[in-house]
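Text of structure.txt, listed as compact mmCIF, C-alpha atoms:
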# COMPACT_ATOMS: atom_id res chain seq x y z
CA MET A 1 169.93 153.49 -8.55
CA VAL A 2 169.61 151.84 -11.95
CA ASN A 3 169.97 154.29 -14.79
CA GLU A 4 168.06 152.91 -17.70
CA THR A 5 166.43 154.21 -20.76
CA ILE A 6 165.00 152.62 -23.88
CA GLY A 7 166.57 153.52 -27.18
CA ARG A 8 166.49 152.14 -30.67
CA VAL A 9 169.38 151.08 -32.85
CA SER A 10 169.46 153.21 -35.97
CA LYS A 11 171.56 152.96 -39.10
CA GLY A 12 174.62 155.13 -39.51
CA THR A 13 177.09 155.58 -42.36
CA LYS A 14 180.15 153.96 -40.89
CA MET A 15 178.67 152.96 -37.49
CA ASP A 16 175.13 152.34 -36.26
CA GLN A 17 174.03 154.31 -33.22
CA VAL A 18 171.58 154.54 -30.35
CA TYR A 19 170.32 158.07 -29.67
CA LEU A 20 169.74 159.16 -26.09
CA PRO A 21 167.62 162.12 -24.97
CA LYS A 22 169.67 165.04 -23.56
CA LEU A 23 167.33 165.22 -20.61
CA ARG A 24 168.10 161.99 -18.80
CA GLU A 25 169.22 160.69 -15.45
CA GLY A 26 172.72 159.31 -15.28
CA LEU A 27 174.44 157.79 -18.33
CA GLU A 28 176.98 160.59 -18.41
CA LEU A 29 179.12 161.39 -21.45
CA GLY A 30 182.15 159.12 -21.53
CA GLU A 31 180.50 156.55 -19.29
CA TYR A 32 180.69 152.91 -20.45
CA VAL A 33 177.30 151.21 -20.87
CA VAL A 34 176.01 147.73 -21.70
CA ILE A 35 173.72 147.60 -24.67
CA THR A 36 171.35 144.63 -24.70
CA SER A 37 168.22 143.63 -26.65
CA LEU A 38 164.92 144.59 -25.05
CA ASN A 39 163.42 141.24 -26.19
CA ASN A 40 165.91 139.32 -24.06
CA GLN A 41 165.09 141.47 -21.07
CA LEU A 42 161.37 140.95 -21.56
CA THR A 43 161.90 137.19 -21.92
CA LYS A 44 163.88 137.11 -18.67
CA LEU A 45 161.12 139.02 -16.88
CA LYS A 46 158.37 136.78 -18.30
CA LYS A 47 160.24 133.53 -17.49
CA GLU A 48 158.10 131.16 -15.52
CA LYS A 49 159.65 128.70 -13.18
CA PRO A 50 158.84 125.08 -13.99
CA PHE A 51 156.97 122.91 -11.52
CA LEU A 52 158.88 120.03 -9.97
CA TYR A 53 157.04 116.96 -8.71
CA HIS A 54 158.76 114.56 -6.27
CA ILE A 55 162.19 115.73 -7.30
CA LYS A 56 164.45 116.33 -4.30
CA GLU A 57 167.31 117.78 -6.33
CA ILE A 58 168.26 118.34 -9.92
CA GLU A 59 171.43 119.55 -11.59
CA SER A 60 171.28 123.22 -12.65
CA LEU A 61 172.51 122.26 -16.11
CA LYS A 62 169.43 120.07 -16.52
CA LEU A 63 167.18 122.98 -15.58
CA GLN A 64 168.84 125.04 -18.30
CA ILE A 65 168.26 122.24 -20.80
CA ILE A 66 164.62 121.99 -19.76
CA ASP A 67 164.23 125.73 -20.15
CA LYS A 68 165.61 125.53 -23.70
CA ILE A 69 163.34 122.57 -24.55
CA PHE A 70 160.30 124.50 -23.32
CA SER A 71 161.37 127.42 -25.43
CA ILE A 72 161.85 125.25 -28.55
CA ILE A 73 158.42 123.68 -28.14
CA ASN A 74 156.90 127.08 -27.36
CA LYS A 75 158.01 128.32 -30.79
CA SER A 76 156.58 125.30 -32.66
CA VAL A 77 153.33 124.67 -30.80
CA LYS A 78 151.00 127.66 -30.66
CA ASP A 79 148.54 126.32 -28.18
CA TYR A 80 149.30 123.65 -25.59
CA ASN A 81 147.98 122.72 -22.16
CA ASN A 82 151.31 121.58 -20.78
CA ILE A 83 154.77 120.24 -21.47
CA ILE A 84 155.97 117.55 -19.10
CA ILE A 85 159.43 116.07 -18.80
CA THR A 86 159.70 112.63 -17.26
CA GLY A 87 161.87 109.50 -17.31
CA SER A 88 165.54 108.81 -16.70
CA PHE A 89 166.61 112.39 -17.54
CA LEU A 90 165.35 113.38 -14.08
CA GLU A 91 167.47 110.78 -12.26
CA LYS A 92 170.72 111.87 -10.68
CA GLY A 93 173.64 112.04 -13.07
CA PHE A 94 173.78 112.01 -16.84
CA TYR A 95 173.06 108.38 -17.71
CA PHE A 96 170.01 109.01 -19.83
CA ASN A 97 169.78 108.09 -23.53
CA ASP A 98 167.01 110.48 -24.43
CA ILE A 99 164.52 112.90 -22.93
CA ASP A 100 160.96 111.65 -22.41
CA LEU A 101 158.49 114.40 -23.20
CA LEU A 102 154.73 114.62 -22.90
CA ILE A 103 153.12 117.40 -24.84
CA ILE A 104 149.52 117.98 -23.85
CA THR A 105 147.77 119.68 -26.70
CA ASP A 106 144.77 119.40 -29.01
CA GLU A 107 146.84 120.72 -31.88
CA LYS A 108 148.42 118.50 -34.50
CA ILE A 109 152.13 119.11 -34.14
CA ASN A 110 155.19 118.51 -36.26
CA GLU A 111 157.06 116.10 -33.97
CA ASP A 112 159.86 115.51 -36.45
CA GLN A 113 160.66 119.20 -36.65
CA ILE A 114 160.69 119.57 -32.88
CA LYS A 115 162.93 116.49 -32.57
CA LYS A 116 165.25 118.01 -35.16
CA ASP A 117 165.36 121.33 -33.31
CA ILE A 118 166.09 119.66 -29.97
CA TRP A 119 168.82 117.56 -31.54
CA GLY A 120 170.24 120.54 -33.44
CA LYS A 121 170.30 122.95 -30.48
CA LEU A 122 171.01 120.56 -27.62
CA GLY A 123 172.41 117.38 -29.15
CA LEU A 124 169.74 115.35 -27.37
CA ASN A 125 167.13 112.88 -28.59
CA GLY A 126 163.57 113.65 -27.62
CA ASP A 127 161.11 110.78 -27.14
CA PHE A 128 157.64 112.24 -27.53
CA LEU A 129 154.17 111.36 -26.45
CA VAL A 130 151.55 113.81 -27.67
CA LEU A 131 148.17 113.63 -26.00
CA ASP A 132 145.13 115.76 -25.58
CA ASN A 133 144.04 116.53 -22.03
CA LYS A 134 141.16 114.05 -22.10
CA SER A 135 143.48 111.16 -23.08
CA LEU A 136 145.93 112.09 -20.37
CA ILE A 137 143.23 112.05 -17.71
CA HIS A 138 141.92 108.75 -19.04
CA GLY A 139 145.45 107.34 -18.98
CA LEU A 140 146.02 108.51 -15.42
CA ASN A 141 142.76 106.89 -14.34
CA SER A 142 143.31 103.52 -16.00
CA ASP A 143 146.94 102.97 -16.92
CA PRO A 144 149.57 102.30 -14.23
CA LEU A 145 152.34 103.45 -16.54
CA TYR A 146 150.89 106.95 -16.81
CA SER A 147 150.81 107.17 -13.01
CA MET A 148 154.44 106.06 -12.93
CA MET A 149 155.40 108.63 -15.57
CA LEU A 150 153.92 111.52 -13.66
CA SER A 151 155.02 110.36 -10.21
CA LYS A 152 158.31 112.15 -10.90
CA CYS A 153 158.28 114.89 -13.49
CA ILE A 154 158.90 118.53 -14.32
CA SER A 155 156.13 120.46 -16.01
CA LYS A 156 155.85 123.88 -17.54
CA LYS A 157 152.49 124.51 -15.94
CA ARG A 158 151.04 123.24 -12.71
CA LEU A 159 149.55 119.74 -12.86
CA ILE A 160 146.03 119.71 -11.52
CA TYR A 161 144.29 116.42 -12.11
CA LYS A 162 141.58 114.70 -10.19
CA ILE A 163 142.27 111.02 -10.59
CA LYS A 164 139.41 108.56 -10.37
CA LYS A 165 140.81 105.05 -10.71
CA GLU A 166 139.17 102.87 -13.37
CA VAL A 167 140.33 99.35 -13.92
CA ASN A 168 140.35 98.65 -17.63
CA TYR A 169 141.13 94.94 -17.73
CA LYS A 170 141.76 94.89 -21.47
CA LEU A 171 144.42 97.56 -21.13
CA LEU A 172 146.04 95.79 -18.18
CA ASP A 173 146.01 92.54 -20.14
CA LEU A 174 147.94 94.25 -22.94
CA HIS A 175 150.47 95.58 -20.45
CA LEU A 176 150.85 92.21 -18.72
CA LEU A 177 151.38 90.41 -22.01
CA LYS A 178 154.44 92.55 -22.57
CA SER A 179 155.99 91.17 -19.37
CA LYS A 180 155.50 87.59 -20.57
CA THR A 181 158.46 88.19 -22.90
CA LEU A 182 160.81 87.91 -19.94
CA LEU A 183 159.69 84.34 -19.26
CA ASP A 184 160.25 83.32 -22.89
CA SER A 185 163.43 85.23 -23.59
CA PHE A 186 165.30 85.58 -20.31
CA GLU A 187 168.72 84.68 -21.75
CA ILE A 188 168.67 87.10 -24.62
CA LEU A 189 167.37 90.16 -22.78
CA SER A 190 169.70 92.83 -21.46
CA GLY A 191 169.63 93.89 -17.80
CA LYS A 192 167.85 97.10 -18.74
CA GLU A 193 165.14 95.19 -20.61
CA LYS A 194 164.69 92.73 -17.72
CA TYR A 195 164.30 95.63 -15.32
CA TYR A 196 161.79 97.36 -17.60
CA LEU A 197 159.61 94.24 -17.92
CA THR A 198 159.85 93.50 -14.18
CA ARG A 199 158.94 97.08 -13.35
CA ASN A 200 155.98 96.78 -15.69
CA LEU A 201 154.79 93.61 -13.96
CA ILE A 202 155.07 95.04 -10.47
CA SER A 203 153.40 98.34 -11.48
CA ILE A 204 150.37 96.37 -12.63
CA LYS A 205 150.35 94.43 -9.35
CA LEU A 206 150.44 97.62 -7.28
CA PHE A 207 147.82 99.28 -9.47
CA LEU A 208 145.42 96.38 -8.95
CA GLU A 209 146.11 96.52 -5.22
CA ASN A 210 145.14 100.20 -5.31
CA LYS A 211 148.55 101.30 -4.10
CA LYS A 212 150.35 104.51 -4.92
CA LEU A 213 152.84 104.29 -7.77
CA SER A 214 156.30 105.77 -7.98
CA ASN A 215 159.74 104.52 -9.00
CA GLU A 216 160.80 104.13 -5.38
CA ILE A 217 157.69 102.21 -4.36
CA VAL A 218 157.90 99.90 -7.37
CA ASN A 219 161.63 99.25 -6.84
CA HIS A 220 161.01 98.43 -3.20
CA GLU A 221 158.27 96.00 -4.19
CA ILE A 222 160.50 94.35 -6.82
CA GLU A 223 163.16 93.70 -4.20
CA LYS A 224 160.60 92.43 -1.71
CA GLU A 225 158.66 90.11 -4.04
CA LEU A 226 161.44 88.87 -6.30
CA LYS A 227 164.17 88.81 -3.64
CA VAL A 228 166.76 90.47 -5.88
CA SER A 229 168.32 93.89 -5.91
CA VAL A 230 167.16 96.25 -8.62
CA ASN A 231 170.78 97.09 -9.44
CA ASN A 232 171.56 93.41 -10.02
CA ILE A 233 168.66 93.16 -12.45
CA LYS A 234 169.86 96.26 -14.33
CA GLU A 235 173.39 94.90 -14.43
CA ASN A 236 172.10 91.52 -15.57
CA ILE A 237 173.72 89.53 -12.79
CA ILE A 238 170.78 87.64 -11.36
CA GLN A 239 170.27 83.90 -10.88
CA SER A 240 167.75 82.96 -13.54
CA LYS A 241 166.13 79.90 -11.88
CA GLU A 242 164.98 81.55 -8.66
CA PHE A 243 164.08 84.83 -10.32
CA ILE A 244 162.00 83.21 -13.07
CA LYS A 245 160.20 81.02 -10.51
CA ASN A 246 159.12 84.03 -8.43
CA TYR A 247 158.35 86.10 -11.51
CA LYS A 248 156.14 83.35 -12.91
CA ILE A 249 154.15 83.09 -9.68
CA ILE A 250 153.40 86.82 -9.74
CA TYR A 251 152.67 86.78 -13.48
CA ASN A 252 150.19 83.89 -13.19
CA LEU A 253 148.42 85.46 -10.21
CA LEU A 254 148.01 88.74 -12.05
CA PHE A 255 146.87 86.99 -15.20
CA GLU A 256 144.16 85.12 -13.26
CA LYS A 257 143.05 88.34 -11.59
CA ILE A 258 142.83 90.20 -14.90
CA MET A 259 141.01 87.37 -16.66
CA ASP A 260 138.53 87.14 -13.79
CA GLY A 261 138.10 90.92 -13.85
CA MET B 1 173.38 78.38 -21.99
CA THR B 2 173.61 77.43 -25.69
CA GLN B 3 170.41 76.42 -27.34
CA ASN B 4 169.92 74.06 -30.27
CA LYS B 5 167.90 74.99 -33.35
CA ASN B 6 164.65 73.46 -32.10
CA GLN B 7 164.89 75.29 -28.80
CA LEU B 8 165.56 78.56 -30.61
CA ILE B 9 162.57 78.01 -32.87
CA ASP B 10 160.35 77.33 -29.85
CA ILE B 11 161.54 80.52 -28.15
CA LEU B 12 160.95 82.42 -31.39
CA ILE B 13 157.41 80.99 -31.53
CA GLY B 14 156.82 82.16 -27.94
CA ASN B 15 157.91 85.71 -28.78
CA LEU B 16 155.92 85.87 -31.98
CA THR B 17 152.84 84.54 -30.19
CA ASN B 18 153.08 87.41 -27.70
CA ALA B 19 153.60 89.99 -30.40
CA ILE B 20 150.73 88.78 -32.58
CA VAL B 21 148.30 88.36 -29.67
CA HIS B 22 149.26 91.88 -28.59
CA THR B 23 148.55 93.22 -32.08
CA ILE B 24 145.14 91.53 -32.31
CA LEU B 25 144.14 92.58 -28.78
CA GLU B 26 145.14 96.16 -29.52
CA LYS B 27 142.65 96.22 -32.34
CA SER B 28 139.86 95.05 -30.06
CA ILE B 29 140.24 97.91 -27.59
CA ASP B 30 137.61 100.64 -27.74
CA LYS B 31 139.79 103.65 -27.01
CA GLN B 32 141.88 103.66 -30.15
CA GLU B 33 143.50 107.01 -29.36
CA LEU B 34 145.12 105.40 -26.31
CA VAL B 35 146.01 102.18 -28.04
CA SER B 36 148.12 103.83 -30.72
CA LYS B 37 150.52 104.73 -27.91
CA TYR B 38 151.24 101.02 -27.36
CA ARG B 39 152.49 100.45 -30.89
CA ASN B 40 156.06 100.77 -29.67
CA GLU B 41 155.57 97.78 -27.38
CA VAL B 42 154.76 95.53 -30.33
CA ILE B 43 157.77 96.83 -32.20
CA ASN B 44 159.94 95.90 -29.20
CA SER B 45 158.46 92.37 -29.14
CA TYR B 46 159.30 91.90 -32.80
CA SER B 47 162.81 93.19 -32.28
CA ILE B 48 163.37 90.52 -29.62
CA ALA B 49 161.95 87.86 -31.94
CA LYS B 50 164.35 89.12 -34.60
CA ARG B 51 167.31 88.48 -32.30
CA TYR B 52 166.31 84.82 -32.10
CA ARG B 53 165.69 84.66 -35.82
CA GLU B 54 169.25 85.80 -36.40
CA LYS B 55 170.51 82.72 -34.55
CA ILE B 56 168.59 80.27 -36.73
CA ASN B 57 170.19 79.09 -39.97
CA PRO B 58 169.82 79.99 -42.76
CA ILE B 59 169.98 83.60 -41.58
CA ASP B 60 169.91 85.33 -44.94
CA ARG B 61 167.25 83.15 -46.59
CA CYS B 62 163.81 81.80 -45.78
CA LEU B 63 163.69 78.80 -43.49
CA PRO B 64 163.15 75.32 -44.93
CA THR B 65 159.53 74.29 -45.54
CA VAL B 66 159.62 71.78 -42.67
CA ASP B 67 160.56 74.49 -40.16
CA LEU B 68 158.18 77.00 -41.73
CA ASN B 69 155.18 74.65 -41.49
CA TYR B 70 156.08 73.75 -37.91
CA ILE B 71 156.30 77.42 -36.93
CA LYS B 72 153.04 78.31 -38.68
CA GLU B 73 151.08 75.47 -37.09
CA LYS B 74 152.46 76.15 -33.62
CA LEU B 75 151.74 79.87 -33.92
CA LYS B 76 148.17 79.27 -35.07
CA THR B 77 147.49 76.92 -32.18
CA LYS B 78 149.11 79.05 -29.48
CA ILE B 79 147.59 82.32 -30.67
CA LYS B 80 144.10 80.84 -30.94
CA VAL B 81 144.40 79.37 -27.44
CA GLU B 82 145.36 82.78 -26.02
CA LEU B 83 142.59 84.59 -27.86
CA CYS B 84 139.89 82.01 -27.13
CA LEU B 85 140.78 82.11 -23.45
CA ARG B 86 140.00 85.81 -23.50
CA ILE B 87 136.86 85.42 -25.60
CA ASN B 88 135.54 82.87 -23.09
CA LYS B 89 136.11 85.40 -20.33
CA GLY B 90 133.90 87.87 -22.13
CA TYR B 91 136.35 89.92 -24.20
CA GLN B 92 134.59 91.40 -27.17
CA ASN B 93 135.70 92.57 -30.59
CA ILE B 94 138.53 90.04 -30.88
CA ASN B 95 138.80 89.22 -34.56
CA LEU B 96 140.06 85.66 -35.07
CA ASP B 97 140.22 86.22 -38.83
CA LEU B 98 143.27 88.36 -38.21
CA VAL B 99 145.32 85.41 -36.92
CA ASP B 100 146.40 84.06 -40.31
CA ILE B 101 147.02 87.54 -41.70
CA GLU B 102 149.17 88.60 -38.74
CA ILE B 103 151.12 85.33 -38.80
CA ASP B 104 151.94 85.83 -42.49
CA ASN B 105 152.98 89.43 -41.82
CA ALA B 106 155.20 88.41 -38.93
CA LEU B 107 156.89 85.61 -40.86
CA LYS B 108 157.62 87.93 -43.79
CA LEU B 109 158.99 90.57 -41.43
CA LEU B 110 161.45 88.09 -39.95
CA ASN B 111 162.45 86.59 -43.29
CA ILE B 112 161.10 83.21 -42.27
CA THR B 113 158.96 82.99 -45.38
Would you mind writing the structure in this file as structure tokens?
Amino acid sequence: MVNETIGRVSKGTKMDQVYLPKLREGLELGEYVVITSLNNQLTKLKKEKPFLYHIKEIESLKLQIIDKIFSIINKSVKDYNNIIITGSFLEKGFYFNDIDLLIITDEKINEDQIKKDIWGKLGLNGDFLVLDNKSLIHGLNSDPLYSMMLSKCISKKRLIYKIKKEVNYKLLDLHLLKSKTLLDSFEILSGKEKYYLTRNLISIKLFLENKKLSNEIVNHEIEKELKVSVNNIKENIIQSKEFIKNYKIIYNLLFEKIMDG
Amino acid sequence: MTQNKNQLIDILIGNLTNAIVHTILEKSIDKQELVSKYRNEVINSYSIAKRYREKINPIDRCLPTVDLNYIKEKLKTKIKVELCLRINKGYQNINLDLVDIEIDNALKLLNIT
């Protein structure tokens, strides 16, 4: 049986006190008690569990960090549709540089202040994308990178989106142009940058082929089409000649397809 | 593989072409609220171009007029080819008047001019 009562801290001369009614159950004289703030208790009761999408396991420390981030954003943004955490933070281990955050809101928010708060309280850099709901849906329909972002994520509220694929050739052209950098600057790019541009290229390919997008699917396709291991790309230990030859073939095919679109 | 100055300039031109074409294409897209999200990509392209710029002497001063004119002419040609290819395919709202402006901006940014 839990003996509880609600009292209020009141000011005393030398010590503050909490008065208890004489008529009460338990809490006998001389008994030791724990005094805790009612606000904390209410917060614990109200705490919603986040929603995990395509995440098999995640470190409990990361869940605590996510909880704190939600709470920081909750204080700064009065009205939001959702807060979504995505990116390398959700991968196993602690090899991330920053936390990728999507805040879905119609409100204009003070990103700098939120970044400061996250850095101050957690020592982490937050990389924000603030969108209204309409833009998010449009992005999910037409931009392969949005699909990739949300293929593995943790959100404060449930994600319910009906996706109707639209091929926006101008947008895909912009994305593809980014990947051209690898052909021009192969020597100077780091392994991480090469992987990022390759992943971009292959995401566009899969999007145009109407295939589902996720990190695992894209990585598998990279290894199949470019005949290299993803880890070797990231560690920058790939043979340039063969890789560039295969990359160029895919790039040119996609470019033709987009231009014809 | 070490590159000589001319090779480095050609690679720099390639990077700048991508960045400037990207900038001009961005401005032609209807959904501007989406496009603003891609600004970071252009910044990344310029940062890669900057790495090549830092290998071309003189690093701390503008490049000689010969190199500058070569870069400008090559950029104009390459960018116009890329944009015209798209215009011929039916892209609308591509503003070719921006080419010279964006080239000047890019060259100033990289301390080429």
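Here CA of Lys56 (chain A) is placed at a distance of 10.2 Å from CA of Glu91 (chain A).
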Write down, as a VMD selection string, each residue of chain A that has any atom within 8 Å of an atom of chain B, counting all atoms listed in the file.
chain A and resid 129 135 139 170 to 171 174 177 to 178 180 to 181 184 to 185 187 to 189 259 to 260
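You will find CA of Phe255 (chain A) at 29.3 Å from CA of Asp100 (chain A).
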So, counting all atoms listed in the file, which residue among A:Lys134, A:Lys152, A:Lys205, A:Lys108 is closest to Ile85 (chain A)?
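Closest to Ile85 (chain A) of all the choices is A:Lys152.
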For Asp104 (chain B), which of B:Ile20, B:Ile9, B:Tyr70, B:Cys84 is the closest residue, counting all atoms listed in the file?
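Closest residue, counting all atoms listed in the file: B:Ile20.
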Could you work out how far CA of Asn6 (chain B) lies from CA of Glu73 (chain B), giving the answer in Å with one decimal?
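Between CA of Glu73 (chain B) and CA of Asn6 (chain B) the gap is 14.6 Å.
For Cys62 (chain B), the non-local neighbours within 6 Å, defined as residues at least 4 positions apart in the same chain or in other chains and counting only C-alpha atoms, are Asn111, Ile112 and Thr113 of chain B.
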Identify, on the basis of only C-alpha atoms, every residue whose closest approach to Leu20 (chain A) does not exceed 10 Å; exclude the query and any residue fewer than 6 positions from it along the same chain; express the result as a compact mmCIF listing (two decimals) with C-alpha atoms, in the frame of the given file.
# COMPACT_ATOMS: atom_id res chain seq x y z
CA THR A 5 166.43 154.21 -20.76
CA ILE A 6 165.00 152.62 -23.88
CA GLY A 7 166.57 153.52 -27.18
CA ARG A 8 166.49 152.14 -30.67
CA LEU A 27 174.44 157.79 -18.33
Within 12 Å of Ile65 (chain A), counting all atoms listed in the file, which residues show up once you throw out same-chain ones fewer than 2 positions away? Write them as a PyMOL selection string, please.
chain A and resi 50+58-63+67-72+85+89-90+99+118-119+121-124+126+154
Lys212 (chain A) environment, 10 Å, all atoms listed in the file, sequence neighbours closer than 5 positions dropped, as a ChimeraX atom specification
/A:144,147-148,151,203,206-207,217-218
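Shortest atom-to-atom contact with Pro58 (chain B) among B:Lys80, B:Lys5, B:Lys27, B:Lys74: B:Lys5, counting all atoms listed in the file.
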